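K.L.:
One file is attached below, protein_9.cif, containing mmCIF, C-alpha atoms.
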data_run
#
loop_
_atom_site.group_PDB
_atom_site.id
_atom_site.type_symbol
_atom_site.label_atom_id
_atom_site.label_comp_id
_atom_site.auth_asym_id
_atom_site.auth_seq_id
_atom_site.Cartn_x
_atom_site.Cartn_y
_atom_site.Cartn_z
ATOM 1 C CA MET A 981 -73.190 -72.542 -7.485
ATOM 2 C CA GLN A 982 -74.035 -69.902 -4.853
ATOM 3 C CA SER A 983 -70.945 -70.810 -2.819
ATOM 4 C CA ILE A 984 -68.753 -70.276 -5.881
ATOM 5 C CA LEU A 985 -70.297 -66.850 -6.457
ATOM 6 C CA ASP A 986 -69.820 -65.983 -2.775
ATOM 7 C CA ALA A 987 -66.164 -67.047 -2.970
ATOM 8 C CA ILE A 988 -65.612 -64.907 -6.070
ATOM 9 C CA ARG A 989 -67.364 -61.931 -4.452
ATOM 10 C CA ASN A 990 -65.251 -62.286 -1.282
ATOM 11 C CA PHE A 991 -62.075 -62.529 -3.360
ATOM 12 C CA LEU A 992 -62.928 -59.418 -5.388
ATOM 13 C CA THR A 993 -63.922 -57.540 -2.237
ATOM 14 C CA SER A 994 -60.562 -58.396 -0.673
ATOM 15 C CA ILE A 995 -58.717 -57.095 -3.724
ATOM 16 C CA LEU A 996 -60.758 -53.885 -3.775
ATOM 17 C CA ASP A 997 -60.140 -53.388 -0.040
ATOM 18 C CA VAL A 998 -56.407 -53.360 -0.740
ATOM 19 C CA ILE A 999 -56.704 -50.935 -3.658
ATOM 20 C CA LEU A 1000 -59.498 -48.744 -2.248
ATOM 21 C CA PRO A 1001 -59.794 -49.304 1.510
ATOM 22 C CA ARG A 1002 -63.252 -48.932 3.000
ATOM 23 C CA LYS A 1003 -63.964 -46.354 5.686
ATOM 24 C CA GLU A 1004 -63.497 -47.366 9.305
ATOM 25 C CA ARG A 1005 -67.204 -47.009 10.112
ATOM 26 C CA VAL A 1006 -68.037 -49.335 7.210
ATOM 27 C CA MET A 1007 -65.610 -51.934 8.536
ATOM 28 C CA ARG A 1008 -67.093 -51.607 12.042
ATOM 29 C CA THR A 1009 -70.633 -51.985 10.685
ATOM 30 C CA VAL A 1010 -69.738 -55.029 8.581
ATOM 31 C CA SER A 1011 -68.295 -56.754 11.653
ATOM 32 C CA ARG A 1012 -71.375 -56.083 13.822
ATOM 33 C CA THR A 1013 -74.208 -58.487 14.549
ATOM 34 C CA LEU A 1014 -77.825 -57.912 15.450
ATOM 35 C CA GLU A 1015 -76.968 -58.262 19.148
ATOM 36 C CA ASP A 1016 -74.728 -55.176 18.862
ATOM 37 C CA LEU A 1017 -77.748 -52.991 18.056
ATOM 38 C CA PRO A 1018 -79.842 -52.984 21.219
ATOM 39 C CA LEU A 1019 -83.559 -52.347 20.779
ATOM 40 C CA SER A 1020 -84.884 -49.847 23.283
ATOM 41 C CA PRO A 1021 -88.262 -48.527 22.096
ATOM 42 C CA SER A 1022 -89.177 -45.175 23.582
ATOM 43 C CA LEU A 1023 -91.927 -42.628 22.983
ATOM 44 C CA HIS A 1024 -91.169 -39.011 22.105
ATOM 45 C CA GLU A 1025 -93.268 -36.033 21.226
ATOM 46 C CA LEU A 1026 -92.146 -33.711 18.471
ATOM 47 C CA ARG A 1027 -94.248 -30.705 17.533
ATOM 48 C CA GLY A 1028 -97.402 -32.325 18.832
ATOM 49 C CA ILE A 1029 -96.733 -35.640 17.091
ATOM 50 C CA ARG A 1030 -95.954 -38.746 19.105
ATOM 51 C CA ILE A 1031 -93.240 -40.927 17.620
ATOM 52 C CA THR A 1032 -91.611 -44.146 18.725
ATOM 53 C CA THR A 1033 -87.910 -44.745 18.233
ATOM 54 C CA LEU A 1034 -86.718 -48.343 18.201
ATOM 55 C CA MET A 1035 -83.055 -47.844 19.042
ATOM 56 C CA ASP A 1036 -80.890 -45.524 21.101
ATOM 57 C CA TYR A 1037 -79.447 -43.344 18.364
ATOM 58 C CA ASN A 1038 -76.684 -42.131 20.696
ATOM 59 C CA SER A 1039 -75.218 -45.639 20.721
ATOM 60 C CA GLY A 1040 -72.012 -45.850 18.693
ATOM 61 C CA ALA A 1041 -73.056 -49.070 16.960
ATOM 62 C CA VAL A 1042 -76.433 -47.660 15.904
ATOM 63 C CA GLU A 1043 -74.893 -44.381 14.784
ATOM 64 C CA ASP A 1044 -72.281 -46.217 12.679
ATOM 65 C CA ALA A 1045 -74.912 -48.420 11.057
ATOM 66 C CA ILE A 1046 -77.180 -45.486 10.168
ATOM 67 C CA ARG A 1047 -74.345 -43.356 8.809
ATOM 68 C CA THR A 1048 -72.953 -46.299 6.858
ATOM 69 C CA LEU A 1049 -76.351 -46.841 5.267
ATOM 70 C CA LYS A 1050 -76.952 -43.139 4.635
ATOM 71 C CA TYR A 1051 -73.551 -42.065 3.332
ATOM 72 C CA ASP A 1052 -71.964 -45.294 2.069
ATOM 73 C CA GLY A 1053 -75.055 -47.254 1.032
ATOM 74 C CA THR A 1054 -73.712 -50.654 1.987
ATOM 75 C CA ARG A 1055 -75.806 -53.791 1.737
ATOM 76 C CA GLU A 1056 -74.531 -54.980 5.114
ATOM 77 C CA ALA A 1057 -75.836 -51.888 6.903
ATOM 78 C CA ALA A 1058 -79.213 -52.151 5.166
ATOM 79 C CA SER A 1059 -79.524 -55.805 6.088
ATOM 80 C CA LEU A 1060 -78.434 -55.213 9.680
ATOM 81 C CA LEU A 1061 -80.860 -52.342 10.252
ATOM 82 C CA ALA A 1062 -83.721 -54.141 8.493
ATOM 83 C CA SER A 1063 -83.275 -57.147 10.756
#
The structure given in the file should be rewritten as structure tokens.

P.N.:
Amino acid sequence: MQSILDAIRNFLTSILDVILPRKERVMRTVSRTLEDLPLSPSLHELRGIRITTLMDYNSGAVEDAIRTLKYDGTREAASLLAS
């Protein structure tokens, strides 16, 4: 049953992509895997508070994923970043 629903969802997504194409950054994010988002934890201090960042936010893949989640709200970006 799940495979039928996935097939229908993929079909409808394909049709919508023709009618209303997705943004390039969304397409790049959808095609990425977890290996494309390198983890590089580093410590920073900001106004007396120490924070740890998990990824290099200057990386194009990370930047695309964050912007796709923030501005486009895609499930793929949320899943990728949560992983």

K.L.:
For the provided coordinates, the residues matched by the PyMOL selection byres ((chain A and resi 1034-1043) around 6) should be stated as a list in words.

P.N.:
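That expression, the PyMOL selection byres ((chain A and resi 1034-1043) around 6), corresponds here to Leu1017, Leu1019, Ser1020, Pro1021, Thr1033, Asp1044, Ala1045 and Ile1046 of chain A.
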
K.L.:
Draw an axis-aligned box tight on the listed atoms of region 1021-1029 of chain A, then pad every side by 6 Å and write out centre and edge lengths in Å to one decimal as lines of an AutoDock Vina configuration file.

P.N.:
center_x = -92.8
center_y = -39.6
center_z = 20.3
size_x = 21.1
size_y = 29.8
size_z = 18.5

K.L.:
CA of Arg1008 (chain A) and CA of Arg1055 (chain A) are how many Å apart?

P.N.:
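According to the coordinates, CA of Arg1008 (chain A) and CA of Arg1055 (chain A) are separated by 13.7 Å.
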
K.L.:
Check the smallest atom-to-atom distance from each of A:Leu985, A:Met1007, A:Leu1023, A:Ile1029 to Ala1057 (chain A) using all atoms listed in the file, then report the winner.

P.N.:
A:Met1007

K.L.:
Do you have the CA of Ile995 (chain A)-CA of Leu1061 (chain A) distance handy?

P.N.:
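Going from CA of Ile995 (chain A) over to CA of Leu1061 (chain A) covers 26.6 Å.
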